$ cat work-v3.csv   # CSV, C-alpha atoms
chain,number,residue,atom,x,y,z
A,1,MET,CA,80.7,100.4,89.5
A,2,PHE,CA,84.3,101.6,89.9
A,3,PRO,CA,86.9,100.9,87.1
A,4,SER,CA,88.9,97.7,87.6
A,5,PHE,CA,92.2,99.6,88.0
A,6,LEU,CA,91.0,100.7,91.5
A,7,TYR,CA,91.3,97.1,92.7
A,8,ARG,CA,94.8,96.3,91.4
A,9,GLN,CA,96.6,94.2,94.0
A,10,CYS,CA,100.4,94.3,94.2
A,11,PRO,CA,102.8,92.3,96.4
A,12,ALA,CA,104.0,93.8,99.7
A,13,GLY,CA,106.7,96.4,99.1
A,14,SER,CA,105.2,97.7,95.9
A,15,VAL,CA,102.3,99.8,94.8
A,16,PRO,CA,99.8,99.6,91.9
A,17,TYR,CA,100.2,102.1,89.0
A,18,THR,CA,98.2,102.7,85.8
A,19,ILE,CA,100.2,103.9,82.8
A,20,ARG,CA,99.3,107.4,81.5
A,21,ALA,CA,100.1,109.1,78.2
A,22,GLY,CA,103.8,110.1,78.1
A,23,ASP,CA,104.9,107.7,80.8
A,24,THR,CA,108.2,105.9,80.7
A,25,LEU,CA,109.6,103.4,83.3
A,26,SER,CA,112.4,105.9,84.0
A,27,ARG,CA,109.9,108.7,85.0
A,28,ILE,CA,107.8,106.3,87.1
A,29,ALA,CA,110.9,105.0,88.8
A,30,GLN,CA,112.0,108.5,89.7
A,31,GLU,CA,108.6,109.4,91.1
A,32,TYR,CA,108.4,106.4,93.3
A,33,GLY,CA,112.0,106.1,94.4
A,34,SER,CA,112.5,102.9,92.5
A,35,THR,CA,114.6,101.8,89.5
A,36,VAL,CA,113.8,100.7,86.0
A,37,GLN,CA,115.3,97.3,86.6
A,38,GLU,CA,113.2,96.8,89.8
A,39,ILE,CA,110.0,97.7,87.9
A,40,ILE,CA,110.9,95.2,85.1
A,41,SER,CA,111.6,92.5,87.7
A,42,ALA,CA,108.3,93.1,89.4
A,43,ASN,CA,106.4,92.9,86.1
A,44,PRO,CA,107.6,89.8,84.2
A,45,GLY,CA,106.9,90.2,80.5
A,46,ILE,CA,106.6,94.0,80.5
A,47,ASP,CA,108.1,95.7,77.4
A,48,PRO,CA,109.6,99.0,78.6
A,49,ASN,CA,109.6,100.3,75.0
A,50,SER,CA,105.9,99.6,74.4
A,51,LEU,CA,103.9,100.8,77.4
A,52,ARG,CA,100.1,101.1,76.9
A,53,VAL,CA,97.9,103.8,78.4
A,54,GLY,CA,95.7,102.0,80.9
A,55,GLN,CA,98.2,99.2,81.4
A,56,GLN,CA,98.5,98.2,85.1
A,57,ILE,CA,101.9,97.5,86.7
A,58,CYS,CA,103.3,97.2,90.2
A,59,VAL,CA,106.1,99.6,91.2
A,60,PRO,CA,108.5,98.6,94.0
A,61,ILE,CA,109.1,101.2,96.6
A,62,ILE,CA,112.2,101.7,98.9
A,63,MET,CA,111.6,101.2,102.6
A,64,GLN,CA,113.3,103.8,104.7
A,65,ILE,CA,114.3,104.2,108.3
A,66,TYR,CA,113.1,107.5,109.5
A,67,PRO,CA,114.7,109.8,112.1
A,68,SER,CA,113.1,110.0,115.5
A,69,CYS,CA,110.5,112.8,115.3
A,70,PRO,CA,108.0,112.9,118.3
A,71,THR,CA,105.9,115.5,116.5
A,72,THR,CA,105.9,113.5,113.2
A,73,ASN,CA,106.8,116.8,111.5
A,74,TYR,CA,108.5,115.1,108.6
A,75,TYR,CA,110.0,116.5,105.4
A,76,VAL,CA,111.2,114.6,102.4
A,77,VAL,CA,114.3,116.0,100.6
A,78,VAL,CA,113.8,116.9,96.9
A,79,ALA,CA,116.3,117.9,94.3
A,80,GLY,CA,118.0,121.2,95.0
A,81,ASP,CA,117.3,121.2,98.7
A,82,THR,CA,120.0,122.4,101.2
A,83,ILE,CA,119.9,122.6,104.9
A,84,GLU,CA,119.8,126.4,104.6
A,85,SER,CA,116.9,126.4,102.1
A,86,ILE,CA,114.8,124.0,104.2
A,87,ALA,CA,115.5,126.0,107.4
A,88,GLU,CA,114.6,129.2,105.7
A,89,TYR,CA,111.3,127.9,104.4
A,90,PHE,CA,110.2,126.7,107.9
A,91,ASN,CA,111.4,129.8,109.7
A,92,ILE,CA,114.0,128.0,111.8
A,93,THR,CA,117.8,128.1,111.9
A,94,SER,CA,120.1,125.7,110.2
A,95,GLN,CA,121.4,124.8,113.6
A,96,GLN,CA,118.0,123.9,114.9
A,97,LEU,CA,117.4,121.7,111.8
A,98,LEU,CA,120.8,119.9,112.4
A,99,TYR,CA,120.0,119.4,116.1
A,100,ALA,CA,116.7,117.7,115.2
A,101,ASN,CA,118.5,115.4,112.7
A,102,TYR,CA,121.6,114.4,114.7
A,103,GLY,CA,124.3,112.7,112.6
A,104,ILE,CA,123.2,113.8,109.1
A,105,ASP,CA,125.8,115.3,106.8
A,106,PRO,CA,124.6,118.8,106.0
A,107,GLY,CA,126.8,118.8,102.8
A,108,ASP,CA,125.4,115.5,101.5
A,109,LEU,CA,121.6,115.6,101.5
A,110,TYR,CA,120.0,113.1,99.1
A,111,VAL,CA,116.7,113.0,97.3
A,112,ASP,CA,114.0,111.1,99.4
A,113,GLN,CA,116.0,111.5,102.6
A,114,VAL,CA,113.5,112.0,105.5
A,115,LEU,CA,114.2,114.8,107.9
A,116,CYS,CA,112.5,115.9,111.1
A,117,ILE,CA,111.5,119.6,111.2
A,118,PRO,CA,111.4,121.4,114.5
A,119,VAL,CA,107.9,122.8,115.0
A,120,ALA,CA,107.6,126.5,114.4
A,121,PRO,CA,104.9,128.9,113.2
A,122,SER,CA,103.7,127.6,109.8
A,123,PRO,CA,104.8,129.7,106.8
A,124,VAL,CA,101.6,128.9,105.0
A,125,SER,CA,97.8,128.4,105.4
A,126,VAL,CA,95.5,126.2,103.3
A,127,SER,CA,92.0,126.7,101.9
A,128,VAL,CA,90.0,123.8,100.5
A,129,ASP,CA,87.0,124.2,98.3
A,130,ILE,CA,85.2,120.9,98.2
A,131,ALA,CA,82.6,121.7,95.5
A,132,GLY,CA,85.3,123.3,93.4
A,133,ARG,CA,87.7,120.4,94.0
A,134,SER,CA,90.5,122.7,94.8
A,135,LEU,CA,93.1,122.9,97.5
A,136,VAL,CA,95.1,126.2,97.6
A,137,VAL,CA,98.2,126.9,99.7
A,138,PHE,CA,98.7,130.6,100.6
A,139,ARG,CA,102.1,132.1,101.6
A,140,GLU,CA,102.3,135.7,102.8
A,141,GLY,CA,98.7,136.2,101.7
A,142,ASN,CA,99.4,135.1,98.1
A,143,VAL,CA,98.5,131.9,96.2
A,144,PHE,CA,101.6,129.7,96.5
A,145,ARG,CA,100.3,126.4,95.1
A,146,ARG,CA,97.0,125.1,93.8
A,147,TYR,CA,96.0,121.4,93.5
A,148,ASN,CA,93.0,119.3,92.4
A,149,ILE,CA,91.3,117.0,94.8
A,150,ALA,CA,89.0,114.0,94.4
A,151,VAL,CA,85.2,114.2,93.9
A,152,GLU,CA,83.2,114.2,97.1
A,153,ASN,CA,80.7,111.4,97.6
A,154,PRO,CA,77.5,112.8,99.2
A,155,ALA,CA,77.2,109.6,101.1
A,156,PHE,CA,80.5,110.3,102.8
A,157,PRO,CA,80.6,114.1,103.3
A,158,ILE,CA,83.9,115.7,104.0
A,159,PRO,CA,83.9,117.7,107.3
A,160,ARG,CA,83.8,121.5,106.9
A,161,GLY,CA,85.4,124.1,109.2
A,162,THR,CA,88.8,125.1,110.5
A,163,PHE,CA,91.4,122.3,111.2
A,164,THR,CA,95.1,122.1,111.9
A,165,VAL,CA,97.7,119.6,110.8
A,166,LEU,CA,98.3,117.2,113.7
A,167,ASN,CA,100.5,114.5,112.3
A,168,LYS,CA,102.3,113.4,109.1
A,169,GLN,CA,103.3,110.0,107.7
A,170,VAL,CA,105.6,109.1,104.9
A,171,ASP,CA,104.6,106.0,102.9
A,172,PRO,CA,101.6,105.2,105.2
A,173,GLY,CA,100.6,102.1,103.1
A,174,VAL,CA,99.1,101.3,99.8
A,175,GLU,CA,95.6,102.1,100.9
A,176,LEU,CA,96.6,105.7,101.8
A,177,GLY,CA,98.9,106.4,98.9
A,178,ALA,CA,102.3,108.1,99.2
A,179,ARG,CA,101.6,110.4,102.1
A,180,TRP,CA,99.1,111.0,105.0
A,181,ILE,CA,98.5,114.4,106.5
A,182,GLY,CA,96.4,113.9,109.6
A,183,LEU,CA,94.0,116.8,110.7
A,184,SER,CA,92.5,117.8,114.0
A,185,GLU,CA,89.5,115.4,113.7
A,186,ALA,CA,89.8,111.7,114.5
A,187,GLY,CA,90.4,109.6,111.3
A,188,PHE,CA,90.3,112.6,109.0
A,189,GLY,CA,93.1,113.9,106.8
A,190,ILE,CA,94.6,114.4,103.4
A,191,ARG,CA,96.0,111.4,101.6
A,192,GLY,CA,97.4,110.3,98.3
A,193,ILE,CA,96.2,107.7,95.8
A,194,ASN,CA,98.3,105.2,93.8
A,195,THR,CA,96.1,105.5,90.7
A,196,PRO,CA,95.8,109.2,89.8
A,197,GLU,CA,92.7,108.5,87.7
A,198,PHE,CA,90.8,108.0,91.1
A,199,ILE,CA,90.6,111.7,91.7
A,200,ASN,CA,88.1,111.9,88.9
A,201,VAL,CA,85.9,109.2,90.4
A,202,VAL,CA,83.5,109.7,93.3
A,203,ALA,CA,85.3,108.9,96.5
A,204,THR,CA,84.2,106.1,98.9
A,205,GLU,CA,85.4,107.9,102.1
A,206,ASN,CA,85.4,111.3,103.6
A,207,ASN,CA,89.1,112.1,103.5
A,208,ILE,CA,90.6,114.6,101.1
A,209,ILE,CA,92.3,112.7,98.3
A,210,MET,CA,95.0,113.9,95.9
A,211,SER,CA,97.4,112.3,93.4
A,212,ASN,CA,100.6,110.9,94.9
A,213,HIS,CA,102.6,113.6,93.1
A,214,ASP,CA,100.5,116.4,94.5
A,215,VAL,CA,100.2,115.1,98.1
A,216,SER,CA,103.9,114.5,98.2
A,217,GLU,CA,104.6,118.1,97.4
A,218,LEU,CA,101.9,119.4,99.8
A,219,PHE,CA,103.3,117.2,102.5
A,220,ASN,CA,106.6,119.2,102.4
A,221,LEU,CA,104.8,122.6,102.4
A,222,VAL,CA,102.5,122.1,105.4
A,223,PRO,CA,104.2,121.5,108.8
A,224,VAL,CA,102.4,120.4,111.9
A,225,GLY,CA,100.3,123.3,113.1
A,226,THR,CA,99.3,124.6,109.7
A,227,VAL,CA,95.7,125.9,109.6
A,228,ILE,CA,93.4,124.4,107.0
A,229,GLU,CA,90.0,126.0,106.1
A,230,ILE,CA,87.6,123.6,104.5
A,231,SER,CA,84.4,124.8,102.9
$ encode --input "work-v3.csv" --output "structure tokens"
Amino acid sequence: MFPSFLYRQCPAGSVPYTIRAGDTLSRIAQEYGSTVQEIISANPGIDPNSLRVGQQICVPIIMQIYPSCPTTNYYVVVAGDTIESIAEYFNITSQQLLYANYGIDPGDLYVDQVLCIPVAPSPVSVSVDIAGRSLVVFREGNVFRRYNIAVENPAFPIPRGTFTVLNKQVDPGVELGARWIGLSEAGFGIRGINTPEFINVVATENNIIMSNHDVSELFNLVPVGTVIEIS
């Protein structure tokens, strides 16, 4: 039987979250694009100075209007990003990036701003080791990032083989966590989970599941067309 935190229900516009060691409302608000006051308002009676490990709360999330992006090749701005740094990573020009995001102010990017990235050859490739619960991003032949993934359920085997990223969704819904990265097999992809503890529990589906924090970072690294080897 799965732990009760997996079934936490929250009102529309918010996601469930289970307090971990070291958490503060400020850190949680920053991770989910919310504010401390919004979290307090969504959880009457919560004591922000006395959070308990395992305590379940609901975190409001900000709804965004995304730019038109027929390829769904989205990117979510993080601290320190510039038009030039984003363009350089994706092997495109700053002008191409600006054309794809008509009307944005290149000198005033903000955290969590959603951009459309023109499709170009991917700067990375990905290797997934299901048994080892590892997802590795390679850039120029070297390990660039390494992430943990959820335990596979033998009753719902994860497909093996070579796939490509076909579509990407920001905030696809509570059931799919913070991000969805759709792969070249119907209904199959990489998604987040609102309760990070879930990645240490046997999954109940055949998608690749990561923590919201990790899948959000991966989302920005793998454009549409990225090759993903799963073994």
$ closest_residue --input "work-v3.csv" --among "A:Glu175, A:Asp81, A:Glu140, A:Glu185" --to "Gly161 (chain A)" --atoms "only C-alpha atoms"
A:Glu185
$ atom_distance --input "work-v3.csv" --atom1 "CA of Arg160 (chain A)" --atom2 "CA of Ile230 (chain A)"
5.0 Å
$ residues_around --input "work-v3.csv" --residues "Ile228 (chain A)" --least-positions-apart "5" --cutoff "6 Å" --atoms "all atoms listed in the file" --output "list in words"
Val126, Ser127, Thr162, Phe163 and Thr164 of chain A
$ closest_residue --input "work-v3.csv" --among "A:Ile40, A:Ile149, A:Val124, A:Ile130" --to "Val201 (chain A)" --atoms "only C-alpha atoms"
A:Ile149
$ closest_atom_pairs --input "work-v3.csv" --of "region 72-169 of chain A" --to "region 206-218 of chain A" --cutoff "7 Å" --atoms "all atoms listed in the file" --output "Markdown table"
| residue | atom | partner | partner_atom | distance |
| --- | --- | --- | --- | --- |
| A:Tyr147 | CA | A:Asp214 | CA | 6.8 |
| A:Asn148 | CA | A:Met210 | CA | 6.7 |
| A:Ile149 | CA | A:Met210 | CA | 5.0 |
| A:Ala150 | CA | A:Ile209 | CA | 5.3 |
| A:Phe156 | CA | A:Asn206 | CA | 5.1 |
| A:Pro157 | CA | A:Asn206 | CA | 5.6 |
| A:Ile158 | CA | A:Asn206 | CA | 4.7 |
$ build_atoms --input "work-v3.csv" --residues "region 121-156 of chain A" --atoms "N, CA and C atoms" --output "PDB file, in the frame of the given file"
ATOM      1  N   PRO A 121     106.051 128.322 113.901  1.00  0.00           N
ATOM      2  CA  PRO A 121     104.900 128.900 113.200  1.00  0.00           C
ATOM      3  C   PRO A 121     104.890 128.527 111.725  1.00  0.00           C
ATOM      4  N   SER A 122     103.779 128.032 111.208  1.00  0.00           N
ATOM      5  CA  SER A 122     103.700 127.600 109.800  1.00  0.00           C
ATOM      6  C   SER A 122     103.910 128.792 108.861  1.00  0.00           C
ATOM      7  N   PRO A 123     104.666 128.595 107.789  1.00  0.00           N
ATOM      8  CA  PRO A 123     104.800 129.700 106.800  1.00  0.00           C
ATOM      9  C   PRO A 123     103.664 129.790 105.842  1.00  0.00           C
ATOM     10  N   VAL A 124     102.702 128.867 105.936  1.00  0.00           N
ATOM     11  CA  VAL A 124     101.600 128.900 105.000  1.00  0.00           C
ATOM     12  C   VAL A 124     100.263 128.608 105.692  1.00  0.00           C
ATOM     13  N   SER A 125      99.179 128.844 104.947  1.00  0.00           N
ATOM     14  CA  SER A 125      97.800 128.400 105.400  1.00  0.00           C
ATOM     15  C   SER A 125      97.198 127.771 104.135  1.00  0.00           C
ATOM     16  N   VAL A 126      96.128 127.009 104.372  1.00  0.00           N
ATOM     17  CA  VAL A 126      95.500 126.200 103.300  1.00  0.00           C
ATOM     18  C   VAL A 126      94.017 126.452 103.263  1.00  0.00           C
ATOM     19  N   SER A 127      93.465 126.582 102.059  1.00  0.00           N
ATOM     20  CA  SER A 127      92.000 126.700 101.900  1.00  0.00           C
ATOM     21  C   SER A 127      91.568 125.594 100.929  1.00  0.00           C
ATOM     22  N   VAL A 128      90.539 124.850 101.321  1.00  0.00           N
ATOM     23  CA  VAL A 128      90.000 123.800 100.500  1.00  0.00           C
ATOM     24  C   VAL A 128      88.582 124.063 100.101  1.00  0.00           C
ATOM     25  N   ASP A 129      88.313 124.033  98.804  1.00  0.00           N
ATOM     26  CA  ASP A 129      87.000 124.200  98.300  1.00  0.00           C
ATOM     27  C   ASP A 129      86.491 122.868  97.758  1.00  0.00           C
ATOM     28  N   ILE A 130      85.627 122.223  98.534  1.00  0.00           N
ATOM     29  CA  ILE A 130      85.200 120.900  98.200  1.00  0.00           C
ATOM     30  C   ILE A 130      84.433 120.826  96.889  1.00  0.00           C
ATOM     31  N   ALA A 131      83.452 121.718  96.729  1.00  0.00           N
ATOM     32  CA  ALA A 131      82.600 121.700  95.500  1.00  0.00           C
ATOM     33  C   ALA A 131      83.497 122.040  94.288  1.00  0.00           C
ATOM     34  N   GLY A 132      84.463 122.943  94.460  1.00  0.00           N
ATOM     35  CA  GLY A 132      85.300 123.300  93.400  1.00  0.00           C
ATOM     36  C   GLY A 132      86.495 122.373  93.153  1.00  0.00           C
ATOM     37  N   ARG A 133      86.625 121.357  94.034  1.00  0.00           N
ATOM     38  CA  ARG A 133      87.700 120.400  94.000  1.00  0.00           C
ATOM     39  C   ARG A 133      89.058 121.006  93.906  1.00  0.00           C
ATOM     40  N   SER A 134      89.257 121.973  94.797  1.00  0.00           N
ATOM     41  CA  SER A 134      90.500 122.700  94.800  1.00  0.00           C
ATOM     42  C   SER A 134      91.084 122.861  96.168  1.00  0.00           C
ATOM     43  N   LEU A 135      92.401 122.709  96.269  1.00  0.00           N
ATOM     44  CA  LEU A 135      93.100 122.900  97.500  1.00  0.00           C
ATOM     45  C   LEU A 135      94.217 123.980  97.192  1.00  0.00           C
ATOM     46  N   VAL A 136      94.183 125.105  97.913  1.00  0.00           N
ATOM     47  CA  VAL A 136      95.100 126.200  97.600  1.00  0.00           C
ATOM     48  C   VAL A 136      95.961 126.489  98.854  1.00  0.00           C
ATOM     49  N   VAL A 137      97.269 126.594  98.617  1.00  0.00           N
ATOM     50  CA  VAL A 137      98.200 126.900  99.700  1.00  0.00           C
ATOM     51  C   VAL A 137      98.568 128.425  99.523  1.00  0.00           C
ATOM     52  N   PHE A 138      98.437 129.169 100.639  1.00  0.00           N
ATOM     53  CA  PHE A 138      98.700 130.600 100.600  1.00  0.00           C
ATOM     54  C   PHE A 138     100.026 130.833 101.455  1.00  0.00           C
ATOM     55  N   ARG A 139     100.863 131.705 100.921  1.00  0.00           N
ATOM     56  CA  ARG A 139     102.100 132.100 101.600  1.00  0.00           C
ATOM     57  C   ARG A 139     102.157 133.645 101.571  1.00  0.00           C
ATOM     58  N   GLU A 140     102.256 134.268 102.732  1.00  0.00           N
ATOM     59  CA  GLU A 140     102.300 135.700 102.800  1.00  0.00           C
ATOM     60  C   GLU A 140     101.100 136.354 102.123  1.00  0.00           C
ATOM     61  N   GLY A 141      99.934 135.699 102.236  1.00  0.00           N
ATOM     62  CA  GLY A 141      98.700 136.200 101.700  1.00  0.00           C
ATOM     63  C   GLY A 141      98.500 135.980 100.204  1.00  0.00           C
ATOM     64  N   ASN A 142      99.474 135.358  99.536  1.00  0.00           N
ATOM     65  CA  ASN A 142      99.400 135.100  98.100  1.00  0.00           C
ATOM     66  C   ASN A 142      99.265 133.622  97.796  1.00  0.00           C
ATOM     67  N   VAL A 143      98.636 133.314  96.660  1.00  0.00           N
ATOM     68  CA  VAL A 143      98.500 131.900  96.200  1.00  0.00           C
ATOM     69  C   VAL A 143      99.922 131.382  95.939  1.00  0.00           C
ATOM     70  N   PHE A 144     100.284 130.295  96.617  1.00  0.00           N
ATOM     71  CA  PHE A 144     101.600 129.700  96.500  1.00  0.00           C
ATOM     72  C   PHE A 144     101.555 128.416  95.643  1.00  0.00           C
ATOM     73  N   ARG A 145     100.531 127.592  95.881  1.00  0.00           N
ATOM     74  CA  ARG A 145     100.300 126.400  95.100  1.00  0.00           C
ATOM     75  C   ARG A 145      98.795 126.129  95.018  1.00  0.00           C
ATOM     76  N   ARG A 146      98.382 125.466  93.943  1.00  0.00           N
ATOM     77  CA  ARG A 146      97.000 125.100  93.800  1.00  0.00           C
ATOM     78  C   ARG A 146      96.939 123.640  93.264  1.00  0.00           C
ATOM     79  N   TYR A 147      96.059 122.817  93.878  1.00  0.00           N
ATOM     80  CA  TYR A 147      96.000 121.400  93.500  1.00  0.00           C
ATOM     81  C   TYR A 147      94.525 120.979  93.319  1.00  0.00           C
ATOM     82  N   ASN A 148      94.342 119.918  92.527  1.00  0.00           N
ATOM     83  CA  ASN A 148      93.000 119.300  92.400  1.00  0.00           C
ATOM     84  C   ASN A 148      92.847 118.224  93.453  1.00  0.00           C
ATOM     85  N   ILE A 149      91.608 118.031  93.887  1.00  0.00           N
ATOM     86  CA  ILE A 149      91.300 117.000  94.800  1.00  0.00           C
ATOM     87  C   ILE A 149      90.172 116.100  94.261  1.00  0.00           C
ATOM     88  N   ALA A 150      89.942 114.960  94.883  1.00  0.00           N
ATOM     89  CA  ALA A 150      89.000 114.000  94.400  1.00  0.00           C
ATOM     90  C   ALA A 150      87.530 114.513  94.578  1.00  0.00           C
ATOM     91  N   VAL A 151      86.637 113.920  93.808  1.00  0.00           N
ATOM     92  CA  VAL A 151      85.200 114.200  93.900  1.00  0.00           C
ATOM     93  C   VAL A 151      84.638 113.754  95.222  1.00  0.00           C
ATOM     94  N   GLU A 152      83.849 114.599  95.878  1.00  0.00           N
ATOM     95  CA  GLU A 152      83.200 114.200  97.100  1.00  0.00           C
ATOM     96  C   GLU A 152      82.012 113.313  96.867  1.00  0.00           C
ATOM     97  N   ASN A 153      81.850 112.296  97.687  1.00  0.00           N
ATOM     98  CA  ASN A 153      80.700 111.400  97.600  1.00  0.00           C
ATOM     99  C   ASN A 153      79.669 111.937  98.675  1.00  0.00           C
ATOM    100  N   PRO A 154      78.446 112.338  98.262  1.00  0.00           N
ATOM    101  CA  PRO A 154      77.500 112.800  99.200  1.00  0.00           C
ATOM    102  C   PRO A 154      77.163 111.860 100.353  1.00  0.00           C
ATOM    103  N   ALA A 155      77.405 110.571 100.102  1.00  0.00           N
ATOM    104  CA  ALA A 155      77.200 109.600 101.100  1.00  0.00           C
ATOM    105  C   ALA A 155      78.266 109.594 102.200  1.00  0.00           C
ATOM    106  N   PHE A 156      79.413 110.207 101.867  1.00  0.00           N
ATOM    107  CA  PHE A 156      80.500 110.300 102.800  1.00  0.00           C
ATOM    108  C   PHE A 156      81.025 111.759 102.816  1.00  0.00           C
TER     109      PHE A 156
END
